[in-house]
Amino acid sequence: MLTGSYHRSELAQLPEKGYLPNSAYILSDYANELMLMQMCIYVVLGFWMLKKEADNEQISFWSNKNPDLAWCRKGTIYSVLAIIVFVTAKLLFENDLGDHFIAAYLTLIIYGISFILMSQSTFFDQKTTKKYVKSSLTNEIQENTLEKLQSLMQTEKPFLSSTFSLPILAKKLAVSQHHLSQILNESLGQSFFDFTAQHRIEEAKLLLKNQENAHLKIEEIAEMVGYNSKSAFNTAFKKITGMTPSEFKLN
């Protein structure tokens with residue numbers, strides 16, 4: 001066996017036979033240009049559709065009021081960055097090294113989107129069902145508790161207190177903490193923390209839009225709805241509304 005050799009000079013070269021005419025491969029000479037063109041078309045059409053949807057809802061293109069619109073806008077912006085990475089890599093690197101940078105960027109985007117989708121998936125909520133398999137909660141208790149819960153949150157608004165907790169709410173509803181937690185998880189699809197945050201943020205939205213409260217600072221609004229920390233209030237507000245309290249107040 002010969003090693004370190006690819007061709008024996010005494011052997012005749014095999015004739016080359018193409019299956020397609022040379023003109024069929026001409027597009028391969030413009031692969032980069034065609035790739036850039038289709039990326040630009042995708043981005044332009046994406047922004048056009050998002051702008052059209054924003055106009056239909058009568059909101060600003062950059063508004064975060066519609067979470068779905070905000071999500072799609074971010075995806076389109078990532079596509080713009082992909083074009084910048086593509087052009088930069090092709091201009092600075094003549095060999096295949098530029099392609100590695102492009103692939104690395106696209107890989108990060110795919111991983112990032114996959115992680116977000118998995119974190120928002122309801123697949124992992126299956127553990128909630130198993131958690132309450134042996135629960136003694138009946139449908140009657142569940143329905144009655146939900147009615148009392150809705151009435152209590154609208155009339156007394158106990159969530160406005162910074163000391164509001166699951167034991168306090170369970171006591172007011174005359175139900176066990178375990179049953180109340182199960183009701184929130186199964187009927188409303190929320191933890192007690194998320195349930196509380198939702199009500200507090202809804203109340204904060206009303207206060208922020210009320211012109212009589214225009215003189216109040218964000219810290220004061222946070223305290224009025226039960227938050228002792230401005231940062232915690234801002235985090236919860238942005239998670240639920242997609243914008244900060246200051247941005248919401250200006251819109």
# chains A, B, ... in the order shown; residues from 1 in each chain; ligands from 1
>>> residues_around(residues="A:Leu69", least_positions_apart="5", cutoff="8 Å", atoms="only C-alpha atoms", output="list in words")
Leu50, Glu53, Ala54 and Asn64 of chain A
>>> write_last_selection(atoms="N, CA and C atoms", output="PDB file, in the first residue's frame")
ATOM      1  N   LEU A  50     -44.636  44.332  10.438  1.00  0.00           N
ATOM      2  CA  LEU A  50     -44.742  44.783  11.821  1.00  0.00           C
ATOM      3  C   LEU A  50     -45.290  46.202  11.892  1.00  0.00           C
ATOM      4  N   GLU A  53     -49.007  46.062  11.272  1.00  0.00           N
ATOM      5  CA  GLU A  53     -49.728  45.566  12.434  1.00  0.00           C
ATOM      6  C   GLU A  53     -49.812  46.641  13.523  1.00  0.00           C
ATOM      7  N   ALA A  54     -48.716  47.379  13.715  1.00  0.00           N
ATOM      8  CA  ALA A  54     -48.715  48.460  14.711  1.00  0.00           C
ATOM      9  C   ALA A  54     -49.719  49.542  14.341  1.00  0.00           C
ATOM     10  N   ASN A  64     -44.211  48.696  23.488  1.00  0.00           N
ATOM     11  CA  ASN A  64     -44.178  47.345  24.070  1.00  0.00           C
ATOM     12  C   ASN A  64     -45.551  46.920  24.598  1.00  0.00           C
TER      13      ASN A  64
END
>>> residues_around(residues="A:Ser181", least_positions_apart="5", cutoff="8 Å", atoms="only C-alpha atoms", output="PyMOL selection string")
chain A and resi 166+191-192
>>> write_last_selection(atoms="C-alpha atoms", output="JSON list (two decimals), in the first residue's frame")
[["chain", "number", "residue", "atom", "x", "y", "z"],
["A", 166, "LEU", "CA", -50.36, 33.35, 51.27],
["A", 191, "SER", "CA", -48.19, 30.92, 41.64],
["A", 192, "PHE", "CA", -49.12, 33.10, 44.62]]
>>> residues_around(residues="A:Val85", least_positions_apart="5", cutoff="9 Å", atoms="only C-alpha atoms", output="PDB file with N, CA and C atoms, in the first residue's frame")
ATOM      1  N   VAL A  80     -31.341  41.982  11.328  1.00  0.00           N
ATOM      2  CA  VAL A  80     -30.531  43.104  10.848  1.00  0.00           C
ATOM      3  C   VAL A  80     -29.083  42.935  11.305  1.00  0.00           C
ATOM      4  N   LYS A  90     -17.591  38.939   5.478  1.00  0.00           N
ATOM      5  CA  LYS A  90     -17.196  38.741   4.080  1.00  0.00           C
ATOM      6  C   LYS A  90     -16.189  39.785   3.616  1.00  0.00           C
ATOM      7  N   PHE A 101     -17.505  32.937  11.884  1.00  0.00           N
ATOM      8  CA  PHE A 101     -18.107  33.996  12.698  1.00  0.00           C
ATOM      9  C   PHE A 101     -19.610  34.094  12.437  1.00  0.00           C
ATOM     10  N   ILE A 102     -19.994  33.971  11.189  1.00  0.00           N
ATOM     11  CA  ILE A 102     -21.421  34.015  10.840  1.00  0.00           C
ATOM     12  C   ILE A 102     -22.159  32.850  11.494  1.00  0.00           C
ATOM     13  N   TYR A 105     -22.599  33.406  15.281  1.00  0.00           N
ATOM     14  CA  TYR A 105     -23.672  34.346  15.603  1.00  0.00           C
ATOM     15  C   TYR A 105     -25.046  33.680  15.468  1.00  0.00           C
TER      16      TYR A 105
END
>>> residues_around(residues="A:Lys148", least_positions_apart="4", cutoff="8 Å", atoms="only C-alpha atoms", output="VMD selection string")
chain A and resid 144 152 173
>>> atom_distance(atom1="atom CA of A:Phe237", atom2="atom CA of A:Ile201")
5.9 Å
>>> atom_distance(atom1="atom CA of A:Leu27", atom2="atom CA of A:Met39")
16.8 Å
>>> residues_around(residues="A:Ala89", least_positions_apart="6", cutoff="10 Å", atoms="only C-alpha atoms", output="PDB file with N, CA and C atoms, in the first residue's frame")
ATOM      1  N   ILE A  83     -27.277  40.524   9.186  1.00  0.00           N
ATOM      2  CA  ILE A  83     -26.794  41.109   7.926  1.00  0.00           C
ATOM      3  C   ILE A  83     -25.476  41.847   8.149  1.00  0.00           C
ATOM      4  N   ASN A  95     -11.069  34.173   3.432  1.00  0.00           N
ATOM      5  CA  ASN A  95     -11.167  32.712   3.505  1.00  0.00           C
ATOM      6  C   ASN A  95     -12.402  32.305   4.302  1.00  0.00           C
ATOM      7  N   ASP A  96     -12.407  31.047   4.720  1.00  0.00           N
ATOM      8  CA  ASP A  96     -13.588  30.513   5.409  1.00  0.00           C
ATOM      9  C   ASP A  96     -13.731  30.981   6.849  1.00  0.00           C
ATOM     10  N   LEU A  97     -12.768  31.720   7.388  1.00  0.00           N
ATOM     11  CA  LEU A  97     -12.854  32.166   8.774  1.00  0.00           C
ATOM     12  C   LEU A  97     -14.080  33.044   9.005  1.00  0.00           C
ATOM     13  N   GLY A  98     -14.400  33.858   8.027  1.00  0.00           N
ATOM     14  CA  GLY A  98     -15.590  34.712   8.158  1.00  0.00           C
ATOM     15  C   GLY A  98     -16.856  33.899   8.309  1.00  0.00           C
ATOM     16  N   ASP A  99     -16.922  32.768   7.597  1.00  0.00           N
ATOM     17  CA  ASP A  99     -18.106  31.904   7.697  1.00  0.00           C
ATOM     18  C   ASP A  99     -18.268  31.346   9.105  1.00  0.00           C
ATOM     19  N   HIS A 100     -17.154  31.131   9.791  1.00  0.00           N
ATOM     20  CA  HIS A 100     -17.228  30.627  11.162  1.00  0.00           C
ATOM     21  C   HIS A 100     -17.845  31.667  12.103  1.00  0.00           C
ATOM     22  N   PHE A 101     -17.505  32.937  11.884  1.00  0.00           N
ATOM     23  CA  PHE A 101     -18.107  33.996  12.698  1.00  0.00           C
ATOM     24  C   PHE A 101     -19.610  34.094  12.437  1.00  0.00           C
ATOM     25  N   ILE A 102     -19.994  33.971  11.189  1.00  0.00           N
ATOM     26  CA  ILE A 102     -21.421  34.015  10.840  1.00  0.00           C
ATOM     27  C   ILE A 102     -22.159  32.850  11.494  1.00  0.00           C
TER      28      ILE A 102
END
>>> residues_around(residues="A:Asn139", least_positions_apart="3", cutoff="12 Å", atoms="only C-alpha atoms", output="number ranges by chain")
A: 135-136, 142-146, 179, 182-183, 186-187
>>> write_last_selection(atoms="C-alpha atoms", output="PDB file, in the first residue's frame")
ATOM      1  CA  SER A 135     -55.317  16.545  47.420  1.00  0.00           C
ATOM      2  CA  SER A 136     -58.682  16.606  49.237  1.00  0.00           C
ATOM      3  CA  GLN A 142     -62.641  25.296  44.523  1.00  0.00           C
ATOM      4  CA  GLU A 143     -65.544  27.164  42.914  1.00  0.00           C
ATOM      5  CA  ASN A 144     -66.623  28.820  46.167  1.00  0.00           C
ATOM      6  CA  THR A 145     -63.065  29.881  46.959  1.00  0.00           C
ATOM      7  CA  LEU A 146     -62.587  31.365  43.505  1.00  0.00           C
ATOM      8  CA  HIS A 179     -55.794  24.285  48.900  1.00  0.00           C
ATOM      9  CA  GLN A 182     -53.614  24.447  44.398  1.00  0.00           C
ATOM     10  CA  ILE A 183     -56.514  26.664  43.303  1.00  0.00           C
ATOM     11  CA  GLU A 186     -54.752  24.800  38.623  1.00  0.00           C
ATOM     12  CA  SER A 187     -57.557  27.313  38.075  1.00  0.00           C
TER      13      SER A 187
END
>>> closest_residue(among="A:Lys249, A:His178, A:Arg73, A:Lys157", to="A:Asn213", atoms="only C-alpha atoms")
A:Lys249
>>> residues_around(residues="stretch 34-36 of chain A", least_positions_apart="5", cutoff="10 Å", atoms="only C-alpha atoms", output="compact mmCIF listing (two decimals) with C-alpha atoms, in the first residue's frame")
# COMPACT_ATOMS: atom_id res chain seq x y z
CA LEU A 27 -25.18 31.12 -9.71
CA SER A 28 -22.55 29.62 -7.41
CA ASP A 29 -20.29 32.55 -8.31
CA ILE A 41 -35.74 41.11 1.47
CA TYR A 42 -36.69 39.17 4.63
CA ALA A 82 -27.12 39.06 11.13
CA ILE A 83 -26.79 41.11 7.93
CA ILE A 84 -24.18 43.34 9.56
CA PHE A 86 -22.49 38.69 7.32
CA VAL A 87 -21.25 41.76 5.42
>>> closest_residue(among="A:Gln198, A:Ser79, A:Ser161, A:Thr107", to="A:Thr241", atoms="only C-alpha atoms")
A:Gln198
>>> atom_distance(atom1="atom CA of A:Val43", atom2="atom CA of A:Thr76")
6.2 Å
>>> closest_residue(among="A:Ile113, A:Ile141, A:Pro245, A:Leu216", to="A:Lys230", atoms="only C-alpha atoms")
A:Pro245
>>> decode(residues="stretch 37-66 of chain A", atoms="N, CA and C atoms", output="PDB file, in the first residue's frame")
ATOM      1  N   MET A  37     -29.001  39.332  -0.567  1.00  0.00           N
ATOM      2  CA  MET A  37     -30.250  39.852  -1.121  1.00  0.00           C
ATOM      3  C   MET A  37     -31.461  39.253  -0.423  1.00  0.00           C
ATOM      4  N   GLN A  38     -31.447  37.935  -0.210  1.00  0.00           N
ATOM      5  CA  GLN A  38     -32.610  37.304   0.419  1.00  0.00           C
ATOM      6  C   GLN A  38     -32.737  37.709   1.882  1.00  0.00           C
ATOM      7  N   MET A  39     -31.605  37.959   2.556  1.00  0.00           N
ATOM      8  CA  MET A  39     -31.650  38.429   3.942  1.00  0.00           C
ATOM      9  C   MET A  39     -32.259  39.827   4.022  1.00  0.00           C
ATOM     10  N   CYS A  40     -31.872  40.685   3.079  1.00  0.00           N
ATOM     11  CA  CYS A  40     -32.408  42.047   3.054  1.00  0.00           C
ATOM     12  C   CYS A  40     -33.908  42.045   2.746  1.00  0.00           C
ATOM     13  N   ILE A  41     -34.312  41.202   1.804  1.00  0.00           N
ATOM     14  CA  ILE A  41     -35.744  41.107   1.473  1.00  0.00           C
ATOM     15  C   ILE A  41     -36.546  40.657   2.691  1.00  0.00           C
ATOM     16  N   TYR A  42     -36.013  39.670   3.426  1.00  0.00           N
ATOM     17  CA  TYR A  42     -36.692  39.166   4.626  1.00  0.00           C
ATOM     18  C   TYR A  42     -36.861  40.276   5.667  1.00  0.00           C
ATOM     19  N   VAL A  43     -35.795  41.040   5.889  1.00  0.00           N
ATOM     20  CA  VAL A  43     -35.837  42.102   6.900  1.00  0.00           C
ATOM     21  C   VAL A  43     -36.810  43.207   6.491  1.00  0.00           C
ATOM     22  N   VAL A  44     -36.754  43.616   5.230  1.00  0.00           N
ATOM     23  CA  VAL A  44     -37.641  44.683   4.758  1.00  0.00           C
ATOM     24  C   VAL A  44     -39.101  44.263   4.878  1.00  0.00           C
ATOM     25  N   LEU A  45     -39.415  43.055   4.429  1.00  0.00           N
ATOM     26  CA  LEU A  45     -40.791  42.566   4.539  1.00  0.00           C
ATOM     27  C   LEU A  45     -41.207  42.406   5.997  1.00  0.00           C
ATOM     28  N   GLY A  46     -40.271  41.992   6.846  1.00  0.00           N
ATOM     29  CA  GLY A  46     -40.573  41.840   8.266  1.00  0.00           C
ATOM     30  C   GLY A  46     -40.940  43.163   8.911  1.00  0.00           C
ATOM     31  N   PHE A  47     -40.142  44.192   8.664  1.00  0.00           N
ATOM     32  CA  PHE A  47     -40.434  45.507   9.222  1.00  0.00           C
ATOM     33  C   PHE A  47     -41.737  46.074   8.650  1.00  0.00           C
ATOM     34  N   TRP A  48     -41.979  45.801   7.370  1.00  0.00           N
ATOM     35  CA  TRP A  48     -43.213  46.291   6.741  1.00  0.00           C
ATOM     36  C   TRP A  48     -44.450  45.665   7.393  1.00  0.00           C
ATOM     37  N   MET A  49     -44.408  44.361   7.631  1.00  0.00           N
ATOM     38  CA  MET A  49     -45.544  43.686   8.253  1.00  0.00           C
ATOM     39  C   MET A  49     -45.741  44.139   9.701  1.00  0.00           C
ATOM     40  N   LEU A  50     -44.636  44.332  10.438  1.00  0.00           N
ATOM     41  CA  LEU A  50     -44.742  44.783  11.821  1.00  0.00           C
ATOM     42  C   LEU A  50     -45.290  46.202  11.892  1.00  0.00           C
ATOM     43  N   LYS A  51     -44.843  47.066  10.968  1.00  0.00           N
ATOM     44  CA  LYS A  51     -45.353  48.438  10.924  1.00  0.00           C
ATOM     45  C   LYS A  51     -46.843  48.447  10.597  1.00  0.00           C
ATOM     46  N   LYS A  52     -47.246  47.584   9.700  1.00  0.00           N
ATOM     47  CA  LYS A  52     -48.654  47.485   9.325  1.00  0.00           C
ATOM     48  C   LYS A  52     -49.502  47.042  10.507  1.00  0.00           C
ATOM     49  N   GLU A  53     -49.007  46.062  11.272  1.00  0.00           N
ATOM     50  CA  GLU A  53     -49.728  45.566  12.434  1.00  0.00           C
ATOM     51  C   GLU A  53     -49.812  46.641  13.523  1.00  0.00           C
ATOM     52  N   ALA A  54     -48.716  47.379  13.715  1.00  0.00           N
ATOM     53  CA  ALA A  54     -48.715  48.460  14.711  1.00  0.00           C
ATOM     54  C   ALA A  54     -49.719  49.542  14.341  1.00  0.00           C
ATOM     55  N   ASP A  55     -49.798  49.854  13.064  1.00  0.00           N
ATOM     56  CA  ASP A  55     -50.767  50.865  12.606  1.00  0.00           C
ATOM     57  C   ASP A  55     -52.198  50.379  12.810  1.00  0.00           C
ATOM     58  N   ASN A  56     -52.436  49.087  12.580  1.00  0.00           N
ATOM     59  CA  ASN A  56     -53.783  48.535  12.784  1.00  0.00           C
ATOM     60  C   ASN A  56     -54.211  48.631  14.244  1.00  0.00           C
ATOM     61  N   GLU A  57     -53.254  48.460  15.160  1.00  0.00           N
ATOM     62  CA  GLU A  57     -53.555  48.545  16.587  1.00  0.00           C
ATOM     63  C   GLU A  57     -53.432  49.973  17.117  1.00  0.00           C
ATOM     64  N   GLN A  58     -53.056  50.882  16.221  1.00  0.00           N
ATOM     65  CA  GLN A  58     -52.927  52.301  16.567  1.00  0.00           C
ATOM     66  C   GLN A  58     -51.945  52.522  17.719  1.00  0.00           C
ATOM     67  N   ILE A  59     -50.815  51.868  17.612  1.00  0.00           N
ATOM     68  CA  ILE A  59     -49.744  52.040  18.593  1.00  0.00           C
ATOM     69  C   ILE A  59     -48.448  52.324  17.864  1.00  0.00           C
ATOM     70  N   SER A  60     -47.466  52.832  18.595  1.00  0.00           N
ATOM     71  CA  SER A  60     -46.162  53.116  18.006  1.00  0.00           C
ATOM     72  C   SER A  60     -45.463  51.815  17.616  1.00  0.00           C
ATOM     73  N   PHE A  61     -44.664  51.889  16.560  1.00  0.00           N
ATOM     74  CA  PHE A  61     -43.918  50.710  16.122  1.00  0.00           C
ATOM     75  C   PHE A  61     -43.005  50.210  17.217  1.00  0.00           C
ATOM     76  N   TRP A  62     -42.473  51.114  18.044  1.00  0.00           N
ATOM     77  CA  TRP A  62     -41.530  50.750  19.089  1.00  0.00           C
ATOM     78  C   TRP A  62     -42.216  50.532  20.428  1.00  0.00           C
ATOM     79  N   SER A  63     -43.547  50.532  20.449  1.00  0.00           N
ATOM     80  CA  SER A  63     -44.271  50.333  21.698  1.00  0.00           C
ATOM     81  C   SER A  63     -44.177  48.882  22.162  1.00  0.00           C
ATOM     82  N   ASN A  64     -44.211  48.696  23.488  1.00  0.00           N
ATOM     83  CA  ASN A  64     -44.178  47.345  24.070  1.00  0.00           C
ATOM     84  C   ASN A  64     -45.551  46.920  24.598  1.00  0.00           C
ATOM     85  N   LYS A  65     -46.588  47.637  24.211  1.00  0.00           N
ATOM     86  CA  LYS A  65     -47.931  47.303  24.704  1.00  0.00           C
ATOM     87  C   LYS A  65     -48.379  45.926  24.227  1.00  0.00           C
ATOM     88  N   ASN A  66     -47.992  45.576  23.018  1.00  0.00           N
ATOM     89  CA  ASN A  66     -48.323  44.251  22.477  1.00  0.00           C
ATOM     90  C   ASN A  66     -47.086  43.366  22.580  1.00  0.00           C
TER      91      ASN A  66
END
